[in-house]
$ cat protein.csv   # CSV, C-alpha atoms
chain,number,residue,atom,x,y,z
T,1066,MET,CA,19.0,-5.2,-15.0
T,1067,VAL,CA,16.2,-7.7,-14.3
T,1068,ALA,CA,14.9,-9.6,-11.3
T,1069,GLU,CA,12.1,-12.2,-11.4
T,1070,VAL,CA,10.2,-14.3,-8.9
T,1071,ARG,CA,7.2,-16.6,-8.8
T,1072,LEU,CA,4.9,-15.8,-5.9
T,1073,PRO,CA,2.5,-18.2,-4.3
T,1074,GLY,CA,-1.2,-17.4,-4.1
T,1075,GLY,CA,-2.9,-16.6,-0.9
T,1076,THR,CA,-1.7,-15.0,2.3
T,1077,GLN,CA,1.9,-15.7,1.6
T,1078,ALA,CA,2.1,-13.7,-1.6
T,1079,ILE,CA,2.8,-10.2,-0.1
T,1080,GLY,CA,5.4,-11.4,2.3
T,1081,ALA,CA,7.1,-13.3,-0.5
T,1082,TYR,CA,7.1,-10.2,-2.7
T,1083,ASP,CA,8.5,-8.0,0.0
T,1084,LYS,CA,11.3,-10.6,0.6
T,1085,PHE,CA,12.0,-10.7,-3.1
T,1086,LEU,CA,12.3,-6.9,-3.3
T,1087,ALA,CA,14.6,-6.8,-0.3
T,1088,GLY,CA,17.0,-9.0,-2.2
T,1089,ILE,CA,17.2,-6.9,-5.4
T,1090,PRO,CA,20.6,-5.2,-5.4
T,1091,PHE,CA,20.0,-2.7,-8.2
T,1092,LEU,CA,17.2,-0.7,-6.5
T,1093,SER,CA,17.8,2.5,-4.6
T,1094,ASP,CA,16.0,2.9,-1.2
T,1095,ARG,CA,13.4,5.2,-2.7
T,1096,GLU,CA,12.8,2.9,-5.7
T,1097,ARG,CA,12.4,0.0,-3.3
T,1098,CYS,CA,9.9,1.9,-1.2
T,1099,THR,CA,7.9,2.9,-4.3
T,1100,LEU,CA,7.9,-0.7,-5.6
T,1101,THR,CA,6.9,-2.0,-2.1
T,1102,ILE,CA,3.9,0.2,-1.9
T,1103,ALA,CA,2.7,-0.1,-5.5
T,1104,GLY,CA,3.7,-3.8,-5.9
T,1105,ASP,CA,2.1,-4.8,-2.6
T,1106,GLU,CA,-1.1,-3.1,-3.8
T,1107,VAL,CA,-1.1,-5.0,-7.1
T,1108,VAL,CA,-0.3,-8.4,-5.5
T,1109,ASP,CA,-2.8,-7.8,-2.7
T,1110,ASN,CA,-5.5,-7.1,-5.2
T,1111,LEU,CA,-4.7,-10.0,-7.4
T,1112,VAL,CA,-4.9,-12.3,-4.4
T,1113,THR,CA,-7.9,-10.7,-2.8
T,1114,HIS,CA,-10.1,-10.0,-5.8
T,1115,GLY,CA,-9.2,-12.8,-8.2
T,1116,GLU,CA,-8.2,-16.4,-8.1
T,1117,VAL,CA,-4.5,-17.0,-8.4
T,1118,GLY,CA,-4.0,-20.3,-10.1
T,1119,GLN,CA,-1.4,-23.0,-9.4
T,1120,ALA,CA,1.2,-21.1,-11.3
T,1121,GLY,CA,1.0,-18.3,-8.8
T,1122,ILE,CA,2.0,-14.7,-9.7
T,1123,HIS,CA,5.0,-14.2,-11.9
T,1124,VAL,CA,6.7,-10.8,-11.1
T,1125,ARG,CA,9.4,-9.3,-13.2
T,1126,ILE,CA,11.2,-6.0,-12.4
T,1127,ARG,CA,13.4,-4.4,-15.1
T,1128,LYS,CA,15.4,-1.3,-14.5
T,1129,THR,CA,16.9,1.0,-17.2
T,1130,ALA,CA,18.6,4.4,-17.0
T,1131,SER,CA,15.3,6.1,-17.4
T,1132,CYS,CA,12.6,3.9,-16.0
T,1133,ILE,CA,11.6,0.8,-13.9
T,1134,LEU,CA,9.1,-1.6,-15.3
T,1135,PHE,CA,7.1,-3.8,-12.9
T,1136,MET,CA,5.2,-6.6,-14.5
T,1137,ALA,CA,2.9,-9.1,-12.8
T,1138,LEU,CA,1.4,-12.1,-14.7
T,1139,VAL,CA,-1.3,-14.3,-13.4
T,1140,GLU,CA,-3.8,-16.9,-14.7
T,1141,SER,CA,-6.6,-15.0,-16.4
T,1142,HIS,CA,-9.8,-14.3,-14.4
T,1143,ALA,CA,-13.1,-12.8,-15.3
T,1144,SER,CA,-13.0,-10.2,-12.5
T,1145,PHE,CA,-9.6,-8.9,-13.9
T,1146,ARG,CA,-11.1,-8.6,-17.4
T,1147,GLU,CA,-14.0,-6.5,-16.0
T,1148,PHE,CA,-11.7,-4.3,-13.9
T,1149,ALA,CA,-9.3,-3.8,-16.9
T,1150,GLN,CA,-12.1,-2.8,-19.1
T,1151,ARG,CA,-13.5,-0.3,-16.5
T,1152,PHE,CA,-10.0,1.1,-16.0
T,1153,LYS,CA,-9.4,1.5,-19.7
T,1154,ASN,CA,-12.8,3.3,-20.1
T,1155,GLY,CA,-12.2,5.6,-17.2
T,1156,LEU,CA,-15.1,4.2,-15.2
T,1157,LEU,CA,-13.4,3.6,-11.9
T,1158,PRO,CA,-14.5,6.0,-9.2
T,1159,GLY,CA,-12.0,7.8,-7.0
T,1160,PRO,CA,-11.4,7.0,-3.3
T,1161,ARG,CA,-14.6,6.6,-1.3
T,1162,PHE,CA,-15.5,5.4,2.2
T,1163,ASN,CA,-17.9,2.5,2.6
T,1164,LYS,CA,-19.7,3.2,6.0
T,1165,HIS,CA,-21.2,-0.3,6.1
T,1166,LEU,CA,-17.9,-2.1,5.8
T,1167,GLY,CA,-15.9,0.7,7.6
T,1168,ARG,CA,-13.4,0.6,4.7
T,1169,TRP,CA,-12.1,2.8,2.1
T,1170,HIS,CA,-12.2,1.7,-1.6
T,1171,GLY,CA,-10.2,3.0,-4.5
T,1172,LEU,CA,-7.4,4.3,-2.4
T,1173,GLY,CA,-4.9,1.7,-3.7
T,1174,LEU,CA,-5.4,2.6,-7.3
T,1175,THR,CA,-5.0,6.3,-6.5
T,1176,MET,CA,-1.8,5.6,-4.7
T,1177,CYS,CA,-0.5,3.6,-7.6
T,1178,ARG,CA,-1.5,6.4,-10.1
T,1179,ASN,CA,0.4,8.9,-8.0
T,1180,LEU,CA,3.5,6.7,-7.7
T,1181,CYS,CA,3.7,5.5,-11.3
T,1182,THR,CA,4.2,7.3,-14.6
T,1183,ARG,CA,2.0,4.6,-16.4
T,1184,ILE,CA,-0.3,1.8,-15.4
T,1185,VAL,CA,-1.6,-0.8,-17.8
T,1186,TYR,CA,-4.0,-3.7,-17.0
T,1187,ARG,CA,-4.1,-6.2,-19.9
T,1188,ALA,CA,-6.5,-9.1,-19.7
T,1189,GLY,CA,-5.6,-12.1,-21.9
T,1190,GLU,CA,-7.2,-15.4,-22.8
T,1191,TYR,CA,-4.8,-17.4,-20.6
T,1192,THR,CA,-2.8,-14.8,-18.8
T,1193,ASP,CA,-3.6,-11.4,-17.3
T,1194,ARG,CA,-0.9,-8.8,-16.9
T,1195,VAL,CA,-0.3,-5.6,-14.9
T,1196,PHE,CA,2.4,-3.2,-16.0
T,1197,LEU,CA,3.6,-0.3,-13.8
T,1198,GLU,CA,6.2,2.1,-14.9
T,1199,PHE,CA,8.2,4.3,-12.6
T,1200,ARG,CA,11.0,6.9,-13.0
T,1201,THR,CA,14.4,5.7,-12.2
T,1202,ASP,CA,16.1,7.6,-9.4
T,1203,PRO,CA,18.7,10.0,-11.0
T,1204,GLY,CA,22.2,8.5,-10.6
T,1205,SER,CA,21.0,5.2,-9.3
T,1206,CYS,CA,21.5,3.3,-12.6
T,1207,THR,CA,25.0,2.3,-13.5
T,1208,ASP,CA,24.2,0.2,-16.5
D,955,MET,CA,4.4,-13.7,6.6
D,956,THR,CA,5.8,-11.6,9.5
D,957,GLY,CA,2.9,-10.3,11.6
D,958,ILE,CA,2.0,-6.9,12.8
D,959,SER,CA,2.2,-5.7,16.4
D,960,VAL,CA,0.2,-2.8,17.7
D,961,GLU,CA,1.1,-1.9,21.3
D,962,PRO,CA,-0.8,0.8,23.3
D,963,SER,CA,0.9,3.0,25.9
D,964,GLN,CA,0.4,6.3,27.5
D,965,LYS,CA,2.4,9.5,27.0
D,966,GLY,CA,0.9,12.5,28.8
D,967,LYS,CA,-2.7,13.0,27.5
D,968,PHE,CA,-2.0,10.9,24.5
D,969,THR,CA,-2.6,7.2,24.0
D,970,VAL,CA,0.2,6.0,21.8
D,971,LEU,CA,-0.2,3.1,19.4
D,972,THR,CA,3.2,1.8,18.4
D,973,VAL,CA,2.9,-0.2,15.1
D,974,GLN,CA,5.6,-2.6,14.0
D,975,GLY,CA,5.7,-4.7,10.8
D,976,PRO,CA,3.6,-4.8,7.6
D,977,ILE,CA,0.2,-3.2,7.3
D,978,ASN,CA,-1.8,-4.9,4.5
D,979,SER,CA,-5.1,-6.6,3.8
D,980,TYR,CA,-4.1,-9.5,6.1
D,981,THR,CA,-2.9,-7.5,9.0
D,982,PHE,CA,-4.8,-4.3,9.1
D,983,THR,CA,-7.6,-5.5,11.4
D,984,GLU,CA,-5.2,-5.5,14.3
D,985,LEU,CA,-4.5,-1.8,13.8
D,986,GLN,CA,-8.2,-1.2,13.0
D,987,GLU,CA,-9.5,-2.7,16.3
D,988,LYS,CA,-7.1,-0.7,18.4
D,989,ALA,CA,-7.4,2.5,16.5
D,990,MET,CA,-11.2,2.4,16.7
D,991,ASN,CA,-10.9,1.6,20.4
D,992,TYR,CA,-9.1,4.9,21.1
D,993,ALA,CA,-9.8,7.3,18.2
D,994,GLY,CA,-12.4,9.9,19.2
D,995,LYS,CA,-12.3,8.8,22.9
D,996,SER,CA,-8.8,10.1,23.8
D,997,ASP,CA,-6.0,12.0,22.1
D,998,LEU,CA,-4.2,9.5,20.0
D,999,ALA,CA,-0.7,9.2,18.5
D,1000,ILE,CA,0.1,6.5,16.0
D,1001,ASP,CA,3.8,5.7,15.9
D,1002,LEU,CA,4.6,4.4,12.4
D,1003,SER,CA,8.4,4.3,12.8
D,1004,GLY,CA,8.5,0.5,12.7
D,1005,VAL,CA,6.2,0.0,9.8
D,1006,SER,CA,7.9,-2.1,7.1
D,1007,THR,CA,5.2,-2.0,4.4
D,1008,MET,CA,1.9,-0.2,4.0
D,1009,THR,CA,-0.9,-0.7,1.6
D,1010,SER,CA,-4.2,1.2,1.1
D,1011,ALA,CA,-5.8,-1.0,3.8
D,1012,GLY,CA,-3.6,0.7,6.4
D,1013,ILE,CA,-4.1,4.1,5.0
D,1014,GLY,CA,-7.8,3.6,5.1
D,1015,VAL,CA,-7.7,2.7,8.8
D,1016,ILE,CA,-5.7,5.7,9.7
D,1017,LEU,CA,-8.0,8.0,7.6
D,1018,ALA,CA,-11.0,6.6,9.5
D,1019,ALA,CA,-9.3,7.2,12.8
D,1020,ILE,CA,-8.5,10.8,11.8
D,1021,GLU,CA,-12.2,11.4,10.9
D,1022,ASP,CA,-13.4,9.8,14.2
D,1023,ALA,CA,-11.0,11.9,16.2
D,1024,GLU,CA,-11.9,15.2,14.4
D,1025,ALA,CA,-15.6,14.5,14.7
D,1026,ALA,CA,-15.2,14.0,18.5
D,1027,GLY,CA,-12.9,17.0,18.9
D,1028,LYS,CA,-9.9,14.9,20.0
D,1029,ARG,CA,-6.3,15.3,18.7
D,1030,ILE,CA,-4.6,12.7,16.6
D,1031,PHE,CA,-1.1,12.6,15.2
D,1032,ILE,CA,1.0,10.3,13.1
D,1033,VAL,CA,4.5,10.0,14.7
D,1034,GLN,CA,7.8,9.5,12.9
D,1035,PRO,CA,6.5,7.5,9.9
D,1036,SER,CA,9.1,5.2,8.3
D,1037,GLU,CA,10.2,6.0,4.8
D,1038,VAL,CA,7.7,3.5,3.3
D,1039,ALA,CA,4.8,4.8,5.5
D,1040,ARG,CA,5.7,8.4,4.7
D,1041,LEU,CA,5.7,7.6,0.9
D,1042,ALA,CA,2.4,5.7,1.2
D,1043,ILE,CA,0.8,8.6,2.9
D,1044,GLU,CA,2.2,11.1,0.3
D,1045,SER,CA,1.1,8.9,-2.5
D,1046,THR,CA,-2.6,9.3,-1.6
D,1047,GLY,CA,-2.4,12.9,-2.9
D,1048,PHE,CA,-3.9,14.2,0.3
D,1049,GLY,CA,-1.0,13.9,2.7
D,1050,ASP,CA,-2.0,17.1,4.4
D,1051,ARG,CA,-5.0,15.2,5.9
D,1052,PHE,CA,-2.5,13.2,8.1
D,1053,PRO,CA,-1.3,15.4,10.9
D,1054,THR,CA,2.3,14.3,11.4
D,1055,VAL,CA,5.1,15.0,13.9
D,1056,ALA,CA,8.7,14.0,13.4
D,1057,THR,CA,9.3,12.5,16.9
D,1058,MET,CA,7.4,11.6,20.0
D,1059,LYS,CA,8.9,14.7,21.7
D,1060,ASP,CA,7.1,16.9,19.2
D,1061,LEU,CA,3.6,15.9,20.4
D,1062,PRO,CA,1.9,18.9,21.9
D,1063,ALA,CA,1.3,18.9,25.7
$ encode --input "protein.csv" --output "structure tokens"
Amino acid sequence: MVAEVRLPGGTQAIGAYDKFLAGIPFLSDRERCTLTIAGDEVVDNLVTHGEVGQAGIHVRIRKTASCILFMALVESHASFREFAQRFKNGLLPGPRFNKHLGRWHGLGLTMCRNLCTRIVYRAGEYTDRVFLEFRTDPGSCTD
Amino acid sequence: MTGISVEPSQKGKFTVLTVQGPINSYTFTELQEKAMNYAGKSDLAIDLSGVSTMTSAGIGVILAAIEDAEAAGKRIFIVQPSEVARLAIESTGFGDRFPTVATMKDLPA
């Protein structure tokens, strides 16, 4: 079972993703909640920290009996490459509070790590990709 | 994108902030302004029953409010979080940092 969407860049991206998720018939309520939290975080970061090109963000969700795969593709960007490298090398710090900005950093990645069974950030020459893997709710897959 | 609404009201000694809609990078400042206005100054309850989505931006605001309240010796509670808000809090790995009650009636006097 597969669902795909192309999201616009900018402030409309998260709303468009949430609307897309709401229309996917093969997700259980818990799977939808999990994909909402983790997917919002990925889309939010792609929009906020990178530059989403004219092609927008291509999101693909595939569900099997054992797992759900979330994939986001976006035009490649230097900041993504740097982040992916730091992630791969285990150099990203845990959650921390920035008193000057009054904001927490690193919380989103921690949330994704706790929700997913696997996270992969893959920087490419033309396209960057984020893969998230989740467990399928027992009994929710009829394929 | 559907916007967020954060409405303050009073219930006993508690100021109640009722949050409706999505909490993300584009909407969290509305919650931040109101939470910072009350956290640490009065007992605060944040009703998350109407929250449709919640990213780390919202979690961060609530954590900061909890810290402000604790530092000032004031009480703070999360009330009736929606399923997505509850899962977002749980996914931080330190859900026990978020004092939560199931309904508004469960707030202490």
$ residues_around --input "protein.csv" --residues "T:Ser1144" --least-positions-apart "6" --cutoff "10 Å" --atoms "all atoms listed in the file" --output "JSON, numbers by chain"
{"T": [1111, 1114, 1115, 1116, 1150, 1188]}
$ atom_distance --input "protein.csv" --atom1 "atom CA of T:Cys1177" --atom2 "atom CA of T:Ile1133"
13.9 Å
$ interface_residues --input "protein.csv" --of "chain T" --to "chain D" --cutoff "9 Å" --atoms "only C-alpha atoms" --output "ChimeraX atom specification"
/T:1076-1081,1083,1094-1095,1097-1099,1101-1103,1105-1106,1109,1113,1162,1167-1180
$ atom_distance --input "protein.csv" --atom1 "atom CA of T:Lys1084" --atom2 "atom CA of T:Ala1137"
15.9 Å
$ residues_around --input "protein.csv" --residues "T:Ser1141" --least-positions-apart "5" --cutoff "7 Å" --atoms "all atoms listed in the file" --output "PyMOL selection string"
chain T and resi 1188-1193
$ closest_residue --input "protein.csv" --among "D:Pro1062, D:Gly1049, D:Gly1027, D:Pro1035" --to "D:Phe968" --atoms "only C-alpha atoms"
D:Pro1062
$ closest_residue --input "protein.csv" --among "D:Glu987, D:Asp1001, D:Asp1022, D:Asp1060" --to "D:Gln974" --atoms "all atoms listed in the file"
D:Asp1001
